[in-house]
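Peer 1: The structure that follows is given in the form of structure tokens.
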Amino acid sequence: MPVIAFANPKGGSGKSTSALLLATELATKGASVTIIDADPERWISQWAKLPGKPENVTIISDVTEESVVDAIDAAEREAAFVIVDLEGTASLLVANTIGMADLVVIPTQGSSMDAKGAAKTIRLIRNSEKLSRRRIAHAVLLTRTGAAITSRALRNVQEQLQAGGIAMFETAIVERAAFKDLFDFGGTLAGLAAAQTGNLEKAIQNAREFAGEVVSKLKAAANERSAA
């Protein structure tokens, strides 16, 4: 089953938020999902302790450089999707996970520091491709963007990525209160109270479009492998 890794050595880039949005959206559609929480902050593991976690979502935490490969291998046999929320460093654990991934999502905020982190992740992917002698699908996901206004810094990052020929998600994760509420109240976006969360429908639509694009990229990567 496909393995989706969320990687960027720059902390606070939106890895845990985007990983959780993908996992809960897939689970809402009925898919079984295993999340390997390799972020030292354990945000997703803390979310799982709150009410409302879908029964078809399994959380695995406390993985190490030595155990992550076996953990991913075992999860692939049990779940329709395996999502790995990686730590914010360029470690052996990150490299091992990227080497097993079918798709690497690189969450990036509109700042030069995040863009540099994305560049480091792409270099790591290139090295993993050489070692494994296979292409690893990957794309930058812009996160915490404004709903209406594109900042000058964000436009600069977009231009840098496009100039470098870096694949990007068409969908960006917009800064929404509902996304933060998931970590405070648990469950899924659909389970949040609309009266207490602003623009909930837009948040749900944003997550749905992101998940749909992930699935499309996975299908394209699978077709490319079968044609090779």
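Letters for chains follow the order of the structure tokens (A, B, ...), residue numbers begin at 1 for each chain, and ligand numbers begin at 1 in the order shown.
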For the contact check between segment 83-193 of chain A and segment 218-222 of chain A, emit one row per residue of segment 83-193 of chain A within 12 Å, containing the shortest atom pair and the distance in Å rounded to one decimal, counting only C-alpha atoms, chain then rising number order, as a tab-separated table.
Peer 2:
residue	atom	partner	partner_atom	distance
A:Ala101	CA	A:Leu218	CA	10.5
A:Asp102	CA	A:Leu218	CA	7.0
A:Leu103	CA	A:Leu218	CA	6.7
A:Val104	CA	A:Leu218	CA	10.1
A:Val105	CA	A:Leu218	CA	11.2
A:Arg134	CA	A:Ala221	CA	11.1
A:Arg135	CA	A:Ala221	CA	8.8
A:Ile136	CA	A:Ala221	CA	8.3
A:Ala137	CA	A:Ala221	CA	6.3
A:His138	CA	A:Ala221	CA	9.5
A:Ala139	CA	A:Leu218	CA	11.3
Peer 1: Those selected residues, please, written with N, CA and C atoms and delivered as a PDB file, in the first residue's frame.
Peer 2:
ATOM      1  N   ALA A 101       9.367   5.622   0.503  1.00  0.00           N
ATOM      2  CA  ALA A 101       8.143   6.362   0.192  1.00  0.00           C
ATOM      3  C   ALA A 101       7.729   6.225  -1.269  1.00  0.00           C
ATOM      4  N   ASP A 102       6.413   6.222  -1.477  1.00  0.00           N
ATOM      5  CA  ASP A 102       5.849   6.300  -2.827  1.00  0.00           C
ATOM      6  C   ASP A 102       5.623   7.758  -3.221  1.00  0.00           C
ATOM      7  N   LEU A 103       5.463   8.618  -2.217  1.00  0.00           N
ATOM      8  CA  LEU A 103       5.290  10.046  -2.456  1.00  0.00           C
ATOM      9  C   LEU A 103       5.828  10.796  -1.246  1.00  0.00           C
ATOM     10  N   VAL A 104       6.646  11.804  -1.498  1.00  0.00           N
ATOM     11  CA  VAL A 104       7.142  12.669  -0.433  1.00  0.00           C
ATOM     12  C   VAL A 104       6.478  14.033  -0.588  1.00  0.00           C
ATOM     13  N   VAL A 105       5.742  14.435   0.436  1.00  0.00           N
ATOM     14  CA  VAL A 105       5.122  15.752   0.481  1.00  0.00           C
ATOM     15  C   VAL A 105       6.049  16.664   1.279  1.00  0.00           C
ATOM     16  N   ARG A 134      15.563   4.266  -8.378  1.00  0.00           N
ATOM     17  CA  ARG A 134      14.161   4.456  -8.771  1.00  0.00           C
ATOM     18  C   ARG A 134      13.788   5.909  -8.515  1.00  0.00           C
ATOM     19  N   ARG A 135      12.779   6.378  -9.241  1.00  0.00           N
ATOM     20  CA  ARG A 135      12.300   7.732  -9.032  1.00  0.00           C
ATOM     21  C   ARG A 135      11.354   7.753  -7.832  1.00  0.00           C
ATOM     22  N   ILE A 136      11.498   8.755  -6.980  1.00  0.00           N
ATOM     23  CA  ILE A 136      10.620   8.929  -5.825  1.00  0.00           C
ATOM     24  C   ILE A 136       9.767  10.168  -6.077  1.00  0.00           C
ATOM     25  N   ALA A 137       8.475   9.974  -6.255  1.00  0.00           N
ATOM     26  CA  ALA A 137       7.586  11.095  -6.529  1.00  0.00           C
ATOM     27  C   ALA A 137       7.581  12.052  -5.341  1.00  0.00           C
ATOM     28  N   HIS A 138       7.603  13.342  -5.644  1.00  0.00           N
ATOM     29  CA  HIS A 138       7.628  14.340  -4.572  1.00  0.00           C
ATOM     30  C   HIS A 138       7.088  15.660  -5.094  1.00  0.00           C
ATOM     31  N   ALA A 139       6.612  16.482  -4.181  1.00  0.00           N
ATOM     32  CA  ALA A 139       6.110  17.810  -4.559  1.00  0.00           C
ATOM     33  C   ALA A 139       6.056  18.686  -3.321  1.00  0.00           C
TER      34      ALA A 139
END
Peer 1: Excluding same-chain residues fewer than 5 positions from Lys29 of chain A, what lies within 12 Å of it counting only C-alpha atoms, as a list of chain:residue names?
Peer 2: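 So the residues in contact are A:Leu22, A:Ala23, A:Thr24, A:Pro54, A:Asn56, A:Val57, A:Ala80, A:Thr188, A:Ala190, A:Arg208, A:Ala211, A:Gly212.
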Peer 1: Return the single residue from A:Gln162, A:Ser13, A:Gln46, A:Asn199 that is closest to Phe179 of chain A, with distances computed using only C-alpha atoms.
Peer 2: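 Smallest separation from Phe179 of chain A among the options: A:Asn199.
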Peer 1: If we count only C-alpha atoms and set the cut-off at 12 Å, which residues sit around Asp181 of chain A, ignoring sequence neighbours fewer than 3 positions away in its own chain? Please answer as an MDAnalysis selection string.
Peer 2: chainID A and resid 17 20:21 47 50 175:178 184:194 196:198 200 203
Peer 1: Kindly export the residues of the current selection with N, CA and C atoms, as a CSV table (one decimal), in the first residue's frame.
Peer 2:
chain,number,residue,atom,x,y,z
A,17,THR,N,0.2,19.1,10.6
A,17,THR,CA,-1.1,19.6,10.2
A,17,THR,C,-1.5,19.0,8.9
A,20,LEU,N,-2.1,15.2,9.2
A,20,LEU,CA,-3.3,14.8,9.8
A,20,LEU,C,-4.5,15.1,9.0
A,21,LEU,N,-4.5,16.2,8.2
A,21,LEU,CA,-5.6,16.5,7.3
A,21,LEU,C,-5.8,15.4,6.3
A,47,TRP,N,-3.2,14.2,19.4
A,47,TRP,CA,-4.5,14.3,18.8
A,47,TRP,C,-5.2,12.9,19.0
A,50,LEU,N,-7.4,12.4,22.1
A,50,LEU,CA,-8.6,13.2,22.2
A,50,LEU,C,-9.8,12.4,21.7
A,175,GLU,N,-4.4,28.9,5.9
A,175,GLU,CA,-4.4,29.1,7.3
A,175,GLU,C,-5.9,29.2,7.8
A,176,ARG,N,-6.3,28.1,8.5
A,176,ARG,CA,-7.7,28.0,8.9
A,176,ARG,C,-7.8,27.7,10.4
A,177,ALA,N,-8.7,28.3,11.1
A,177,ALA,CA,-8.9,28.0,12.6
A,177,ALA,C,-9.3,26.5,12.8
A,178,ALA,N,-10.0,26.0,11.8
A,178,ALA,CA,-10.5,24.6,12.0
A,178,ALA,C,-9.3,23.6,12.0
A,184,ASP,N,-6.8,20.7,19.2
A,184,ASP,CA,-7.4,21.0,20.5
A,184,ASP,C,-8.5,20.1,20.9
A,185,PHE,N,-9.4,19.7,19.9
A,185,PHE,CA,-10.6,19.0,20.2
A,185,PHE,C,-10.7,17.6,19.7
A,186,GLY,N,-9.7,17.2,18.8
A,186,GLY,CA,-9.7,15.9,18.3
A,186,GLY,C,-10.7,15.6,17.2
A,187,GLY,N,-10.7,14.4,16.7
A,187,GLY,CA,-11.7,14.0,15.7
A,187,GLY,C,-11.3,14.5,14.3
A,188,THR,N,-12.3,14.7,13.5
A,188,THR,CA,-12.1,15.1,12.1
A,188,THR,C,-12.8,16.4,11.9
A,189,LEU,N,-12.5,17.0,10.7
A,189,LEU,CA,-13.1,18.3,10.4
A,189,LEU,C,-14.6,18.2,10.4
A,190,ALA,N,-15.1,17.1,9.9
A,190,ALA,CA,-16.6,16.9,9.8
A,190,ALA,C,-17.2,16.8,11.2
A,191,GLY,N,-16.4,16.5,12.2
A,191,GLY,CA,-16.9,16.4,13.5
A,191,GLY,C,-16.9,17.6,14.4
A,192,LEU,N,-16.3,18.7,13.8
A,192,LEU,CA,-16.2,19.9,14.5
A,192,LEU,C,-17.5,20.7,14.5
A,193,ALA,N,-17.8,21.5,15.4
A,193,ALA,CA,-19.0,22.3,15.5
A,193,ALA,C,-18.9,23.5,14.6
A,194,ALA,N,-19.7,23.6,13.6
A,194,ALA,CA,-19.7,24.7,12.7
A,194,ALA,C,-19.9,26.1,13.4
A,196,GLN,N,-18.9,27.0,16.2
A,196,GLN,CA,-17.7,27.3,17.0
A,196,GLN,C,-16.4,27.4,16.2
A,197,THR,N,-16.5,27.2,14.9
A,197,THR,CA,-15.3,27.2,14.0
A,197,THR,C,-15.6,28.0,12.8
A,198,GLY,N,-14.8,29.0,12.5
A,198,GLY,CA,-15.1,29.9,11.4
A,198,GLY,C,-14.7,29.2,10.1
A,200,LEU,N,-15.8,26.6,8.4
A,200,LEU,CA,-15.5,25.2,8.5
A,200,LEU,C,-15.7,24.5,7.1
A,203,ALA,N,-12.7,25.0,5.1
A,203,ALA,CA,-11.6,24.1,5.6
A,203,ALA,C,-11.7,22.7,5.1
Peer 1: Might you pull out every residue within 12 Å of Ala119 of chain A, with only C-alpha atoms counted and same-chain residues fewer than 6 positions away left off, and present them as a PyMOL selection string?
Peer 2: chain A and resi 7-10+90+106-108+112-113+125-126+138-140+157+160-161+164-167
Peer 1: For a quick check of understanding, using only C-alpha atoms, which of A:Gln158, A:Ala38, A:Phe169, A:Glu87 has the smallest distance to Lys217 of chain A?
Peer 2: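 Going through A:Gln158, A:Ala38, A:Phe169, A:Glu87 one by one, the smallest distance to Lys217 of chain A is for A:Phe169.
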